[in-house]
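What follows is a single structure, written as structure tokens, with notes after it.
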Amino acid sequence: MINNLMNTTGKQSGHGKYDRRDFLKTLGVAWLGMTCGSGLLTACGPKPQGAETFIAKASDYSIDIGTLIRAGFRELKVDEAEIKGKRILLKPNLIEPPKGAIHVVTHPGVVRAAAEAFLNLGAAQVIVAEGPGHCRDTYMILEESGYYDIFSDRRITFVDLNYDEWWTVPNAGRATKMKSFVLPITLKQVDWIVSMPKLKTHHWTGVTLSMKNLFGTLPGMFYGWPKNVLHMAGINEAIIDINYTLRPHFAIVDGIVGMEGDGPIMGTPKKAGVVVMGRNLPAVDATCTRLMGIDPNKIKYLSAANNKLGPIKESFILQRGEELKIVKTDFQLLEHIHAYRGLRLT
Amino acid sequence: MISDSTLNICIKAIQKRQQSDGGFTEQEKGSYRPDSTAWAALALSRAGITGEIVDAARLSLTNTQLEDGRVCMPGEPGAFWPTSLSVLAWKGSKAHGEQQGRAVRFLLETSGKHWKKGTDSPVSHDTSIRGWPWIENTHSFVEPTALALIALEISGHTGHPRFQEGLRMLMDRQLADGGWNYGNTIVYGKELYPFVDTTGMTLVALAGHIKREHVNKSILFLKSQAEGYRSPLSLGWALFGLGTWGELPKRGREWIEESLKRQKKYGAYGTSLLSLLALVSIYQGEFRKCVV
């Protein structure tokens, strides 16, 4: 179940061509340099670890997900020295109530395991935060999704980003014409932003993963329900702008049961059996799309992010944990959905 | 509907959110919000709180009203969705007749972005029917349209073409089982899910203007769902939707009490949610009586 998880040498990485040292020497530091300088919430995005992603197999939600996440932390060198005393924001995808379906929103078990893993590394505080994109009744979403048990641990709190106090920052990306973003104040008060999406197809953008998930950080009070301001500005461009502006620090993707077909709401469950993690969101999303049998170069926002926010080419991503080819499973792409045409990885 | 003591607790909690300039915050120590202020003004005035507290709240709404009549989120003129709520809060206040009139004119002159749908459009709703958006330069959605219709109705504009078009827009967005969601019906051939809060609010807006036979399934949907919800937004609007059509559940009072108790689990409800539950309780679910 957790083969290779204890490997920290990098020699069993997905593509197997470099070890960690060689890889970072040739690639990681170089492109990271390009990402620094315009971040507003942190002076510079992820610490110089290169674009590494980690895949763990996870058969279902009853397993010890915390063990997987802790193993991912070790592989990706997320340790106590880095996390101790930090305020961590976990941003799941809670777009609308799941109606008993486990393939719509990020599973609470994954969020709880991540929260506990950060707390075990000495995080001062873990905040679960979301501004649901379709539904205004966040209490109901949390109830229906089974999230309230998470908050029985008083070190873990919830913030509704749709209605949080707010501040305005310039749009650092400028892929859209939006000059600024109104953001929840909580984003300013945390040290780490961790995107925790569901592994899903999306009928407008092809896939919705860690970068698209950040739409949910923008308050409905200023962007509406759905966040139609971003749709009107250009969904793919808005994804780039938000990621440029927020500079998220980490991603943990719930791919244990994902969604294929007509995502992000009306698709069907897809048991992919994985948790995917990484410090660089484009690299994580590119890994996820390959895992789904989708070519990341054909996903507009990933193509736009390439070499600006991070690498998406397979040869530029050091794959740790499970090998991609072992866990790859084609997600259904419906022919009648325009955004899916030509996406299949060949 | 709920006990006087419970109602008093709600009202006192709302009053604690009033700032020195008369405006309200959603939570204690928060920033001024026009939507919270409008809801608080409605709830407090209907709970028998008169005089300076409510007058100051209504006056503070004028601070975020722009010349063209919109009432917007502070510093963000495009976020004008609190305009309809402000009309409700100003209703009956002689001192704010001019502001109410300007807000109504703004609503009548404003719509979402609309277009004639192409034959290959993946969405099934009629994108050309004008309603109201949450935010400027975006499409019209169900909740802001429902609130705008209520604001126009109490201001005497039910004969206006925009009012009639708004009714058409809401009916166009009705889902097959009768419910409504934020405003998409069928996308790529698949019908989306209804939401309880949105369905309740829409039923309030349609009451008196749409024949019951056209919303019977909506009422049935809401009746089948209401008992299962204790979150304040869904429960409050479910009871208003049902109460407005004479179908208030007998156990509604019990459900509101249960919802209020959930603050031990959820944390203190915001001003707008406490106001919603107070109003539904005071007026036995009949929303029109709150705002007329």
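Labeling convention for the structure tokens: chains A, B, ... as they appear, residues from 1 per chain, ligands from 1 in order of appearance.
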
If we count only C-alpha atoms, which residues of chain B reach to within 9 Å of chain A? Please list them as a PyMOL selection string.
chain B and resi 26+30-31+73+76+78-79+81+122+133-139+141+181-183+188+190-193+195+197-198+229-234+265-266

Neighbour list for Ala278 of chain B as a list in words, cut-off 7 Å, only C-alpha atoms, skip fewer than 3 positions in-chain:
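Once the adjacent positions are removed, what remains is Leu7, Cys10, Ala43, Leu274, Ser275, Ser281 and Ile282 of chain B.
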
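Taking atom CA of Leu76 of chain A and atom CA of Ser145 of chain A as endpoints, the distance between them is 29.5 Å.
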
One decimal, Å: what's the distance from atom CA of Lys270 of chain A over to atom CA of Asp177 of chain B, could you say?
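Separating atom CA of Lys270 of chain A from atom CA of Asp177 of chain B is a distance of 27.1 Å.
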
Apply DSSP to the backbone of this structure and, from segment 185-237 of chain B, keep only the residues in alpha helix (DSSP H); write these as a PyMOL selection string.
chain B and resi 196-206+212-226+232-237

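Take atom CA of Lys325 of chain A and atom CA of Ile193 of chain A: the distance between them is 29.3 Å.
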
Please list as a PyMOL selection string every residue within 9 Å of Leu209 of chain A, counting only C-alpha atoms and excluding residues in the same chain fewer than 6 positions away.
chain A and resi 195-201+253+281+284-285+288-289

C-alpha atoms of the current selection, written as a JSON list (two decimals), in the first residue's frame:
```
[["chain", "number", "residue", "atom", "x", "y", "z"],
["A", 195, "SER", "CA", -4.76, 23.58, -1.58],
["A", 196, "MET", "CA", -6.68, 20.33, -0.99],
["A", 197, "PRO", "CA", -8.75, 19.62, -4.09],
["A", 198, "LYS", "CA", -10.65, 16.61, -5.28],
["A", 199, "LEU", "CA", -9.29, 14.83, -8.35],
["A", 200, "LYS", "CA", -11.98, 15.72, -10.91],
["A", 201, "THR", "CA", -12.68, 16.45, -14.50],
["A", 253, "VAL", "CA", -5.03, 16.09, -3.73],
["A", 281, "LEU", "CA", 0.94, 23.37, -7.70],
["A", 284, "VAL", "CA", 1.14, 18.56, -8.80],
["A", 285, "ASP", "CA", -1.67, 19.31, -11.25],
["A", 288, "CYS", "CA", -2.58, 14.47, -11.57],
["A", 289, "THR", "CA", -3.64, 15.05, -15.18]]
```
